[in-house]
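Pasting final-v2.txt here (compact mmCIF, C-alpha atoms and all ligand atoms):
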# COMPACT_ATOMS: atom_id res chain seq x y z
CA MET A 296 -3.45 4.60 1.11
CA LEU A 297 0.28 5.09 0.45
CA ARG A 298 1.77 6.51 -2.72
CA ILE A 299 5.51 6.24 -3.19
CA GLN A 300 6.79 8.79 -5.70
CA HIS A 301 10.21 9.29 -7.31
CA PHE A 302 11.67 7.36 -4.41
CA GLN A 303 15.39 6.66 -4.10
CA LYS A 304 17.38 5.43 -1.15
CA SER A 305 21.14 5.01 -1.10
CA TYR A 306 23.63 4.31 1.66
CA ASN A 307 27.02 5.98 1.19
CA GLY A 308 26.30 6.43 -2.52
CA HIS A 309 25.20 2.79 -3.02
CA PRO A 310 21.60 2.65 -4.30
CA VAL A 311 19.37 0.19 -2.40
CA LEU A 312 15.86 1.09 -3.60
CA HIS A 313 14.50 2.98 -6.61
CA ILE A 314 10.71 3.26 -6.96
CA ASP A 315 9.29 5.57 -9.65
CA ASP A 316 5.63 5.35 -8.69
CA PHE A 317 3.99 2.67 -6.53
CA PHE A 318 0.60 2.64 -4.84
CA ILE A 319 -0.14 0.55 -1.77
CA ALA A 320 -3.89 0.08 -1.44
CA PRO A 321 -5.68 -0.11 1.92
CA GLY A 322 -5.41 -3.61 3.37
CA ILE A 323 -2.93 -6.08 4.84
CA HIS A 324 0.31 -6.43 2.91
CA TRP A 325 3.09 -8.97 3.24
CA ILE A 326 6.38 -7.37 2.15
CA ARG A 327 8.64 -10.22 1.13
CA GLY A 328 12.24 -10.27 -0.04
CA SER A 329 15.53 -12.02 0.53
CA ASN A 330 18.11 -10.92 3.10
CA GLY A 331 19.49 -7.53 2.18
CA SER A 332 16.84 -6.83 -0.47
CA GLY A 333 15.74 -3.62 1.28
CA LYS A 334 12.64 -4.53 3.33
CA SER A 335 13.78 -2.82 6.53
CA THR A 336 15.07 0.15 4.57
CA PHE A 337 11.70 0.51 2.88
CA LEU A 338 9.72 0.26 6.14
CA LYS A 339 12.04 2.69 7.93
CA THR A 340 11.53 5.26 5.20
CA VAL A 341 7.75 4.76 5.22
CA GLY A 342 7.88 5.15 9.01
CA GLY A 343 9.74 8.43 8.66
CA LEU A 344 12.83 7.15 10.46
CA ILE A 345 15.47 7.61 7.77
CA SER A 346 16.05 10.11 4.97
CA PHE A 347 15.34 9.40 1.30
CA GLU A 348 14.77 11.19 -2.00
CA GLY A 349 11.23 11.58 -3.34
CA ASP A 350 8.05 11.51 -1.29
CA ILE A 351 5.52 9.24 0.40
CA VAL A 352 1.93 10.44 0.63
CA LEU A 353 -0.70 8.98 2.95
CA ASN A 354 -4.32 8.93 1.81
CA GLU A 355 -3.58 11.48 -0.91
CA ALA A 356 -3.37 14.10 1.82
CA LEU A 357 -0.38 13.80 4.11
CA SER A 358 3.07 14.08 2.60
CA LEU A 359 5.94 12.77 4.69
CA LYS A 360 8.09 15.60 3.35
CA GLN A 361 5.51 18.40 3.57
CA GLN A 362 3.58 17.44 6.73
CA PRO A 363 6.06 15.26 8.63
CA THR A 364 4.49 15.60 12.08
CA ALA A 365 0.94 14.85 11.00
CA TYR A 366 2.17 12.02 8.77
CA ARG A 367 4.21 10.42 11.56
CA SER A 368 1.33 10.60 14.01
CA ALA A 369 -0.73 8.52 11.57
CA VAL A 370 1.93 5.84 10.94
CA ASN A 371 3.20 3.52 13.70
CA PHE A 372 6.26 1.34 13.36
CA ALA A 373 7.66 -1.70 15.21
CA GLU A 374 11.33 -2.32 14.41
CA ALA A 375 12.67 -5.78 13.64
CA GLU A 376 15.14 -5.60 16.52
CA PRO A 377 13.75 -3.00 18.89
CA LEU A 378 16.04 -0.99 21.15
CA PHE A 379 14.45 0.84 24.06
CA PRO A 380 15.80 2.79 27.05
CA ASP A 381 16.43 -0.17 29.32
CA PHE A 382 16.23 1.74 32.61
CA LEU A 383 12.46 2.13 32.08
CA THR A 384 9.86 -0.51 32.83
CA GLY A 385 7.55 -1.75 30.10
CA ILE A 386 4.63 0.01 31.77
CA GLU A 387 6.50 3.32 31.78
CA LEU A 388 7.38 3.00 28.10
CA ILE A 389 3.80 2.15 27.17
CA GLN A 390 2.61 5.24 29.06
CA LEU A 391 5.13 7.41 27.19
CA PHE A 392 3.96 6.08 23.83
CA LYS A 393 0.31 6.45 24.80
CA THR A 394 0.87 10.10 25.68
CA ALA A 395 2.77 10.73 22.45
CA LYS A 396 0.11 8.98 20.38
CA ASN A 397 -2.84 10.43 22.30
CA ALA A 398 -4.07 6.92 23.02
CA PRO A 399 -7.30 6.28 24.91
CA SER A 400 -7.16 5.19 28.54
CA GLY A 401 -6.66 1.45 28.96
CA GLN A 402 -6.01 0.85 25.26
CA GLU A 403 -3.02 -1.39 25.98
CA GLN A 404 -4.85 -3.71 28.38
CA PRO A 405 -6.36 -6.25 25.94
CA TYR A 406 -3.07 -6.44 24.05
CA VAL A 407 -0.97 -6.94 27.18
CA GLU A 408 -3.31 -9.57 28.58
CA SER A 409 -3.80 -11.56 25.38
CA MET A 410 -0.03 -11.75 24.84
CA GLY A 411 0.61 -12.84 28.46
CA MET A 412 2.81 -9.84 29.32
CA THR A 413 1.27 -8.73 32.61
CA ALA A 414 3.74 -10.60 34.82
CA TYR A 415 6.85 -8.81 33.51
CA LEU A 416 5.77 -5.33 32.42
CA SER A 417 6.60 -3.74 35.78
CA ASP A 418 10.20 -5.03 35.46
CA ARG A 419 12.93 -2.95 33.86
CA ILE A 420 13.35 -3.47 30.13
CA SER A 421 17.01 -4.43 30.74
CA SER A 422 15.76 -7.79 32.06
CA TYR A 423 13.64 -8.67 28.98
CA SER A 424 14.42 -11.50 26.58
CA SER A 425 14.32 -10.78 22.83
CA GLY A 426 10.80 -12.25 22.58
CA MET A 427 9.57 -10.13 25.50
CA LEU A 428 11.05 -7.03 23.81
CA LYS A 429 9.39 -7.96 20.54
CA LYS A 430 5.99 -8.25 22.21
CA LEU A 431 6.49 -4.83 23.82
CA ALA A 432 7.40 -3.30 20.44
CA LEU A 433 4.25 -4.82 18.93
CA VAL A 434 1.99 -3.44 21.68
CA LEU A 435 3.52 0.03 21.22
CA ALA A 436 2.82 -0.10 17.48
CA PHE A 437 -0.89 -0.59 18.19
CA MET A 438 -1.20 2.45 20.49
CA GLY A 439 -3.21 5.47 19.35
CA ARG A 440 -5.34 5.52 16.21
CA PRO A 441 -2.83 5.01 13.38
CA ALA A 442 -4.05 4.80 9.79
CA CYS A 443 -1.13 2.52 9.00
CA ILE A 444 0.98 0.13 11.10
CA LEU A 445 4.38 -1.11 9.91
CA LEU A 446 5.71 -4.31 11.49
CA ASP A 447 9.26 -5.22 10.46
CA GLU A 448 9.85 -8.98 10.80
CA PRO A 449 7.03 -9.35 13.33
CA LEU A 450 7.30 -13.13 13.46
CA THR A 451 10.94 -13.44 14.47
CA THR A 452 11.48 -14.36 18.13
CA LEU A 453 7.74 -14.78 18.79
CA ASP A 454 6.80 -18.16 20.23
CA VAL A 455 4.26 -20.35 18.42
CA ASP A 456 1.41 -19.49 20.81
CA SER A 457 1.88 -15.75 20.23
CA LEU A 458 1.58 -15.88 16.45
CA PRO A 459 -2.22 -16.42 16.28
CA VAL A 460 -2.62 -13.72 18.95
CA LEU A 461 -0.74 -11.19 16.83
CA TYR A 462 -2.72 -12.19 13.74
CA SER A 463 -5.96 -11.67 15.66
CA TRP A 464 -4.85 -8.14 16.69
CA ILE A 465 -4.13 -7.33 13.05
CA ALA A 466 -7.33 -8.84 11.66
CA ASP A 467 -9.51 -7.18 14.33
CA LEU A 468 -8.02 -3.71 13.96
CA HIS A 469 -8.14 -3.91 10.18
CA GLN A 470 -11.79 -4.94 10.31
CA GLN A 471 -12.86 -2.44 12.99
CA ALA A 472 -10.85 0.66 12.05
CA GLY A 473 -9.72 -0.04 8.47
CA THR A 474 -6.08 0.17 9.57
CA THR A 475 -3.62 -0.76 6.84
CA PHE A 476 -0.72 -3.08 7.74
CA LEU A 477 2.66 -3.63 6.11
CA LEU A 478 4.38 -6.72 7.51
CA SER A 479 7.85 -7.67 6.32
CA SER A 480 9.33 -11.14 6.14
CA HIS A 481 11.78 -13.17 4.10
CA GLN A 482 9.27 -16.05 4.25
CA ALA A 483 6.14 -16.50 2.15
CA PHE A 484 2.90 -15.86 4.00
CA GLU A 485 1.33 -19.09 5.17
CA GLY A 486 -1.98 -19.85 6.77
CA ASP A 487 -5.45 -18.44 6.76
CA LEU A 488 -5.34 -16.46 9.99
CA LEU A 489 -5.28 -13.13 8.16
CA PRO A 490 -7.88 -12.07 5.61
CA ASN A 491 -7.06 -10.90 2.08
CA VAL A 492 -3.32 -10.60 2.46
CA ARG A 493 -1.58 -9.17 -0.62
CA GLU A 494 2.09 -9.90 -1.19
CA ILE A 495 4.53 -7.20 -2.30
CA LEU A 496 7.95 -8.41 -3.43
CA VAL A 497 11.13 -6.43 -2.83
CA GLU A 498 13.62 -7.48 -5.48
CA ARG A 499 16.00 -5.96 -7.99
CA ALA A 500 15.98 -2.80 -5.85
CA THR A 501 12.28 -2.09 -6.35
CA LEU A 502 8.76 -3.18 -5.30
CA HIS A 503 6.05 -4.99 -7.19
CA TYR A 504 2.86 -6.84 -6.34
CA SER A 505 3.14 -10.61 -6.49
CA ALA A 506 1.34 -12.10 -9.50
N1 LIG B 601 22.80 1.80 7.85
C1 LIG B 601 23.25 1.23 6.73
N2 LIG B 601 24.40 1.65 6.16
C2 LIG B 601 24.85 1.10 5.02
N3 LIG B 601 24.20 0.13 4.33
C3 LIG B 601 23.04 -0.31 4.84
C4 LIG B 601 22.50 0.22 6.06
N4 LIG B 601 21.33 -0.42 6.31
C5 LIG B 601 21.15 -1.29 5.31
N5 LIG B 601 22.16 -1.23 4.43
C6 LIG B 601 22.30 -2.02 3.19
O1 LIG B 601 21.08 -1.88 2.46
C7 LIG B 601 20.69 -3.10 1.87
C8 LIG B 601 19.27 -3.44 2.34
O2 LIG B 601 19.29 -3.68 3.75
P1 LIG B 601 17.97 -3.95 4.56
O3 LIG B 601 18.34 -4.08 5.99
O4 LIG B 601 16.96 -2.93 4.19
O5 LIG B 601 17.51 -5.35 3.96
P2 LIG B 601 16.42 -6.40 4.46
O6 LIG B 601 15.68 -6.86 3.25
O7 LIG B 601 15.64 -5.82 5.57
O8 LIG B 601 17.37 -7.56 4.99
P3 LIG B 601 17.15 -8.73 6.10
O9 LIG B 601 16.08 -9.65 5.59
O10 LIG B 601 18.49 -9.40 6.12
O11 LIG B 601 16.81 -8.05 7.40
C9 LIG B 601 21.74 -4.14 2.27
O12 LIG B 601 22.65 -4.24 1.20
C10 LIG B 601 22.42 -3.52 3.47
O13 LIG B 601 23.78 -3.88 3.52

Write-out of the structure in structure tokens:
Amino acid sequence: MLRIQHFQKSYNGHPVLHIDDFFIAPGIHWIRGSNGSGKSTFLKTVGGLISFEGDIVLNEALSLKQQPTAYRSAVNFAEAEPLFPDFLTGIELIQLFKTAKNAPSGQEQPYVESMGMTAYLSDRISSYSSGMLKKLALVLAFMGRPACILLDEPLTTLDVDSLPVLYSWIADLHQQAGTTFLLSSHQAFEGDLLPNVREILVERATLHYSA
């Protein structure tokens, strides 16, 4: 699914991640590491948001460096602390993303309804709480037909009732479309709401599968 090759990421000359060669198989992956270990940095590079040395190749076909547009259209990303243009309404932003991602008509509806967002989506984003923003970011990440969805700290700010809803979105899309997920957290994965989750640890400035 994703091959990370000769990967290096530094900020202002300070190395944060160094990955010689790492393969992420299709599936649902829990990217775990302590604060500052590099989880967000890793997901932002995989999402094509920040520069890095080396390359990331999707399905042995799409290189982030060689085919950046095609690669990015196949990989969706929800940031840990999303920032959106706050003069738009949620509905307007969803429509923008749907157009950009060539999403089918009405694709957002089951997501919006199951997460209880209908009542506030016609309000301007400036009025949203952090949990409402997080839910919007999650819906946007599911728009289109991505091969891979990256969710950075998806659990933070979500209320307890929303967690099983998000897990059901992930499990259903993985089962129906084979979509691969990378979810980051500083906590260990708990529960049986997601099938066959594999844990990848970010530590000592690199990645490895949990034993
Ligand atoms: N824009 C930046 N400029 C400089 N250093 C940065 C920048 N972003 C991250 N870093 C540094 O890179 C390292 C990894 O940060 P990152 O945000 O990727 O960690 P994280 O595992 O996501 O942390 P957390 O769990 O606290 O969110 C940290 O040492 C951080 O200080």

Between atom CA of Gly401 of chain A and atom CA of Ser457 of chain A - distance in Å to one decimal
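Taking atom CA of Ser457 of chain A and atom CA of Gly401 of chain A, their separation equals 21.1 Å.
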
Set out as a tab-separated table a contact list for chain A and ligand LIG 601 (chain B) with a cut-off of 6 Å, giving each residue of chain A that qualifies its closest atom pair and distance in Å to one decimal, counting all atoms listed in the file, ordered by chain and rising residue number.
residue	atom	partner	partner_atom	distance
A:Tyr306	CA	B:LIG601	C2	4.8
A:Val311	CA	B:LIG601	C7	5.5
A:Gly328	CA	B:LIG601	O6	5.9
A:Ser329	CA	B:LIG601	O9	5.6
A:Asn330	CA	B:LIG601	O10	3.4
A:Gly331	CA	B:LIG601	O5	3.4
A:Ser332	CA	B:LIG601	O6	3.9
A:Gly333	CA	B:LIG601	O4	3.2
A:Lys334	CA	B:LIG601	O6	3.8
A:Ser335	CA	B:LIG601	O7	3.7
A:Thr336	CA	B:LIG601	O4	3.6
A:His481	CA	B:LIG601	O9	5.8

I'd like to know which of A:Arg499, A:Arg493, A:Lys430, A:Lys393 is closest to Ser479 of chain A, using only C-alpha atoms.
A:Arg493

Would you work out the distance separating atom CA of Glu408 of chain A from atom CA of Glu376 of chain A, expressed in Å to one decimal?
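For atom CA of Glu408 of chain A relative to atom CA of Glu376 of chain A, the distance reads 22.4 Å.
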
Rank nothing, just name the residue among A:Leu383, A:Leu502, A:Val460, A:Leu297 nearest to Gly411 of chain A, using all atoms listed in the file.
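Distance minimum relative to Gly411 of chain A lands on A:Val460.
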